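Novice: Below you'll find data_21.tsv; it's TSV, N, CA and C atoms.
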```
chain	number	residue	atom	x	y	z
M	22	MET	N	-272.39	56.41	-1.45
M	22	MET	CA	-273.08	55.95	-0.28
M	22	MET	C	-272.17	56.07	0.93
M	23	LYS	N	-272.74	56.43	2.02
M	23	LYS	CA	-271.99	56.61	3.26
M	23	LYS	C	-272.41	55.52	4.25
M	24	LEU	N	-271.48	55.03	5.02
M	24	LEU	CA	-271.80	54.04	6.05
M	24	LEU	C	-272.31	54.75	7.29
M	25	PHE	N	-273.38	54.22	7.85
M	25	PHE	CA	-273.99	54.81	9.04
M	25	PHE	C	-273.84	53.87	10.23
M	26	ASN	N	-274.06	54.39	11.43
M	26	ASN	CA	-273.94	53.56	12.62
M	26	ASN	C	-275.09	52.55	12.75
M	27	THR	N	-276.04	52.60	11.83
M	27	THR	CA	-277.14	51.62	11.81
M	27	THR	C	-276.91	50.54	10.76
M	28	ASP	N	-275.74	50.54	10.12
M	28	ASP	CA	-275.40	49.55	9.09
M	28	ASP	C	-274.57	48.42	9.70
M	29	TYR	N	-274.82	47.22	9.21
M	29	TYR	CA	-274.12	46.04	9.71
M	29	TYR	C	-273.54	45.23	8.56
M	30	ALA	N	-272.46	44.53	8.86
M	30	ALA	CA	-271.86	43.59	7.92
M	30	ALA	C	-271.92	42.21	8.58
M	31	LEU	N	-272.18	41.20	7.77
M	31	LEU	CA	-272.24	39.84	8.27
M	31	LEU	C	-270.81	39.27	8.28
M	32	TYR	N	-270.43	38.70	9.40
M	32	TYR	CA	-269.08	38.15	9.57
M	32	TYR	C	-269.18	36.64	9.78
M	33	TRP	N	-268.44	35.88	8.98
M	33	TRP	CA	-268.40	34.42	9.07
M	33	TRP	C	-267.23	34.04	9.97
M	34	ILE	N	-267.53	33.61	11.18
M	34	ILE	CA	-266.50	33.30	12.17
M	34	ILE	C	-265.62	32.14	11.73
M	35	ASP	N	-266.21	31.12	11.12
M	35	ASP	CA	-265.43	29.94	10.75
M	35	ASP	C	-264.35	30.23	9.72
M	36	SER	N	-264.66	31.13	8.77
M	36	SER	CA	-263.66	31.45	7.74
M	36	SER	C	-262.90	32.74	8.05
M	37	GLY	N	-263.39	33.52	9.02
M	37	GLY	CA	-262.74	34.78	9.36
M	37	GLY	C	-262.93	35.84	8.30
M	38	GLU	N	-264.03	35.74	7.54
M	38	GLU	CA	-264.30	36.69	6.46
M	38	GLU	C	-265.63	37.40	6.67
M	39	PHE	N	-265.67	38.61	6.16
M	39	PHE	CA	-266.94	39.31	6.09
M	39	PHE	C	-267.64	38.90	4.80
M	40	GLU	N	-268.96	38.98	4.81
M	40	GLU	CA	-269.71	38.58	3.62
M	40	GLU	C	-269.28	39.38	2.40
M	41	PHE	N	-269.00	40.67	2.57
M	41	PHE	CA	-268.60	41.49	1.42
M	41	PHE	C	-267.26	41.04	0.84
M	42	GLU	N	-266.38	40.50	1.67
M	42	GLU	CA	-265.11	39.97	1.18
M	42	GLU	C	-265.32	38.64	0.47
M	43	LYS	N	-266.12	37.79	1.10
M	43	LYS	CA	-266.34	36.44	0.60
M	43	LYS	C	-266.97	36.45	-0.79
M	44	HIS	N	-267.87	37.40	-1.04
M	44	HIS	CA	-268.59	37.46	-2.31
M	44	HIS	C	-268.15	38.61	-3.21
M	45	ASN	N	-267.15	39.37	-2.76
M	45	ASN	CA	-266.62	40.50	-3.53
M	45	ASN	C	-267.71	41.47	-3.97
M	46	TYR	N	-268.64	41.75	-3.04
M	46	TYR	CA	-269.72	42.70	-3.30
M	46	TYR	C	-270.09	43.36	-1.98
M	47	PRO	N	-270.36	44.66	-1.98
M	47	PRO	CA	-270.58	45.39	-0.72
M	47	PRO	C	-271.95	45.13	-0.06
M	48	TYR	N	-272.14	43.93	0.46
M	48	TYR	CA	-273.39	43.63	1.18
M	48	TYR	C	-273.41	44.35	2.51
M	49	ILE	N	-274.42	45.19	2.71
M	49	ILE	CA	-274.61	45.94	3.94
M	49	ILE	C	-276.06	45.75	4.37
M	50	TYR	N	-276.28	45.59	5.66
M	50	TYR	CA	-277.62	45.41	6.19
M	50	TYR	C	-277.91	46.53	7.18
M	51	SER	N	-279.12	47.05	7.12
M	51	SER	CA	-279.51	48.09	8.07
M	51	SER	C	-280.00	47.42	9.35
M	52	THR	N	-280.09	48.20	10.41
M	52	THR	CA	-280.60	47.68	11.67
M	52	THR	C	-281.95	47.03	11.47
M	53	CYS	N	-282.79	47.64	10.63
M	53	CYS	CA	-284.14	47.11	10.39
M	53	CYS	C	-284.09	45.71	9.81
M	54	SER	N	-283.26	45.47	8.81
M	54	SER	CA	-283.23	44.16	8.18
M	54	SER	C	-282.65	43.11	9.13
M	55	VAL	N	-281.70	43.49	9.97
M	55	VAL	CA	-281.14	42.56	10.95
M	55	VAL	C	-282.21	42.19	11.97
M	56	GLU	N	-282.93	43.20	12.47
M	56	GLU	CA	-283.98	42.96	13.46
M	56	GLU	C	-285.11	42.12	12.86
M	57	GLU	N	-285.47	42.37	11.60
M	57	GLU	CA	-286.53	41.59	10.95
M	57	GLU	C	-286.13	40.13	10.85
M	58	ASN	N	-284.89	39.87	10.47
M	58	ASN	CA	-284.42	38.48	10.39
M	58	ASN	C	-284.51	37.78	11.74
M	59	LEU	N	-284.16	38.50	12.80
M	59	LEU	CA	-284.21	37.91	14.13
M	59	LEU	C	-285.64	37.69	14.58
M	60	GLU	N	-286.54	38.66	14.27
M	60	GLU	CA	-287.94	38.54	14.66
M	60	GLU	C	-288.64	37.41	13.93
M	61	GLU	N	-288.24	37.12	12.72
M	61	GLU	CA	-288.89	36.08	11.91
M	61	GLU	C	-288.39	34.69	12.26
M	62	GLY	N	-287.69	34.57	13.37
M	62	GLY	CA	-287.23	33.25	13.78
M	62	GLY	C	-285.92	32.84	13.16
M	63	MET	N	-285.26	33.75	12.50
M	63	MET	CA	-283.99	33.41	11.86
M	63	MET	C	-282.92	33.11	12.91
M	64	GLU	N	-283.08	33.67	14.10
M	64	GLU	CA	-282.09	33.47	15.15
M	64	GLU	C	-281.88	31.98	15.41
M	65	GLY	N	-282.95	31.23	15.50
M	65	GLY	CA	-282.84	29.80	15.76
M	65	GLY	C	-282.24	29.03	14.60
M	66	ASN	N	-282.37	29.56	13.40
M	66	ASN	CA	-281.87	28.88	12.22
M	66	ASN	C	-280.47	29.35	11.79
M	67	ARG	N	-280.01	30.43	12.40
M	67	ARG	CA	-278.71	30.97	12.00
M	67	ARG	C	-277.60	30.03	12.40
M	68	ASP	N	-276.61	30.00	11.58
M	68	ASP	CA	-275.41	29.25	11.87
M	68	ASP	C	-274.72	29.93	13.05
M	69	VAL	N	-274.28	29.16	14.02
M	69	VAL	CA	-273.62	29.75	15.18
M	69	VAL	C	-272.26	30.32	14.82
M	70	LEU	N	-271.84	30.10	13.59
M	70	LEU	CA	-270.53	30.59	13.17
M	70	LEU	C	-270.62	31.90	12.40
M	71	GLU	N	-271.67	32.68	12.64
M	71	GLU	CA	-271.80	33.99	12.01
M	71	GLU	C	-272.25	35.00	13.05
M	72	THR	N	-271.95	36.27	12.77
M	72	THR	CA	-272.38	37.34	13.66
M	72	THR	C	-272.51	38.62	12.85
M	73	TRP	N	-273.23	39.57	13.40
M	73	TRP	CA	-273.41	40.88	12.76
M	73	TRP	C	-272.45	41.87	13.40
M	74	VAL	N	-271.74	42.63	12.59
M	74	VAL	CA	-270.78	43.61	13.09
M	74	VAL	C	-271.19	44.98	12.56
M	75	PRO	N	-271.35	45.98	13.47
M	75	PRO	CA	-271.66	47.33	12.99
M	75	PRO	C	-270.53	47.83	12.08
M	76	THR	N	-270.88	48.43	10.97
M	76	THR	CA	-269.85	48.88	10.03
M	76	THR	C	-268.95	49.95	10.64
M	77	THR	N	-269.45	50.66	11.65
M	77	THR	CA	-268.62	51.67	12.30
M	77	THR	C	-267.52	51.03	13.16
M	78	GLU	N	-267.64	49.74	13.44
M	78	GLU	CA	-266.66	49.04	14.26
M	78	GLU	C	-265.73	48.13	13.46
M	79	LEU	N	-265.81	48.23	12.14
M	79	LEU	CA	-264.93	47.43	11.29
M	79	LEU	C	-263.50	47.90	11.43
M	80	PRO	N	-262.54	46.98	11.31
M	80	PRO	CA	-261.14	47.41	11.27
M	80	PRO	C	-260.94	48.37	10.09
M	81	ILE	N	-259.99	49.26	10.21
M	81	ILE	CA	-259.77	50.31	9.20
M	81	ILE	C	-259.57	49.72	7.80
M	82	ASP	N	-258.80	48.64	7.68
M	82	ASP	CA	-258.56	48.06	6.36
M	82	ASP	C	-259.84	47.48	5.76
M	83	LYS	N	-260.69	46.88	6.59
M	83	LYS	CA	-261.95	46.32	6.11
M	83	LYS	C	-262.92	47.42	5.71
M	84	LYS	N	-262.95	48.49	6.51
M	84	LYS	CA	-263.82	49.62	6.20
M	84	LYS	C	-263.39	50.28	4.90
M	85	SER	N	-262.09	50.40	4.68
M	85	SER	CA	-261.57	50.98	3.43
M	85	SER	C	-261.96	50.12	2.24
M	86	LEU	N	-261.83	48.79	2.38
M	86	LEU	CA	-262.20	47.88	1.31
M	86	LEU	C	-263.70	48.00	1.01
M	87	LEU	N	-264.52	48.04	2.05
M	87	LEU	CA	-265.97	48.15	1.86
M	87	LEU	C	-266.32	49.47	1.18
M	88	ASN	N	-265.72	50.57	1.61
M	88	ASN	CA	-265.97	51.86	0.98
M	88	ASN	C	-265.56	51.86	-0.49
M	89	LYS	N	-264.43	51.20	-0.80
M	89	LYS	CA	-263.97	51.09	-2.19
M	89	LYS	C	-264.98	50.31	-3.01
M	90	MET	N	-265.46	49.20	-2.48
M	90	MET	CA	-266.47	48.39	-3.18
M	90	MET	C	-267.75	49.19	-3.44
M	91	ILE	N	-268.17	49.93	-2.43
M	91	ILE	CA	-269.38	50.74	-2.56
M	91	ILE	C	-269.22	51.77	-3.67
M	92	SER	N	-268.08	52.44	-3.70
M	92	SER	CA	-267.85	53.48	-4.71
M	92	SER	C	-267.81	52.89	-6.12
M	93	GLU	N	-267.37	51.63	-6.23
M	93	GLU	CA	-267.29	50.99	-7.55
M	93	GLU	C	-268.67	50.60	-8.09
M	94	VAL	N	-269.63	50.33	-7.22
M	94	VAL	CA	-270.96	49.94	-7.68
M	94	VAL	C	-271.92	51.11	-7.79
M	95	GLU	N	-271.54	52.26	-7.25
M	95	GLU	CA	-272.43	53.43	-7.35
M	95	GLU	C	-272.43	54.03	-8.73
```
Please rewrite the model in this file as structure tokens.

Specialist:
Amino acid sequence: MKLFNTDYALYWIDSGEFEFEKHNYPYIYSTCSVEENLEEGMEGNRDVLETWVPTTELPIDKKSLLNKMISEVE
């Protein structure tokens, strides 16, 4: 699997971890799933201590870790 500019990773601001690190599994969300969550009123219910980060903007070490995780589950 290849990471695209429409893919997002959930980042937990309070712990300073990405969801894929926290759960040791390559959770990736497409633009569509992020937009659907926001449209369904999830924005008001979301914890203010989380944010969505485009996978293309991940630090190199995080992107390498995510790519490694993806290759292991494929």

Novice: I'd like the contact shell of region 71-87 of chain M - 7 Å cut-off, only N, CA and C atoms, skipping same-chain residues fewer than 4 positions apart - returned as a PyMOL selection string.

Specialist: chain M and resi 24-35+47+67+91-92

Novice: So how many Å separate CA of Cys53 (chain M) and atom N of Ser36 (chain M), to one decimal?

Specialist: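 Going from CA of Cys53 (chain M) over to atom N of Ser36 (chain M) covers 25.2 Å.
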
Novice: One decimal, Å: what's the distance from atom C of Lys89 (chain M) over to atom C of Leu70 (chain M), could you say?

Specialist: 24.7 Å

Novice: Quick check, in Å to one decimal: how far apart do CA of Gly37 (chain M) and atom N of Glu95 (chain M) lie?

Specialist: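 Value for the CA of Gly37 (chain M)-atom N of Glu95 (chain M) distance: 25.7 Å.
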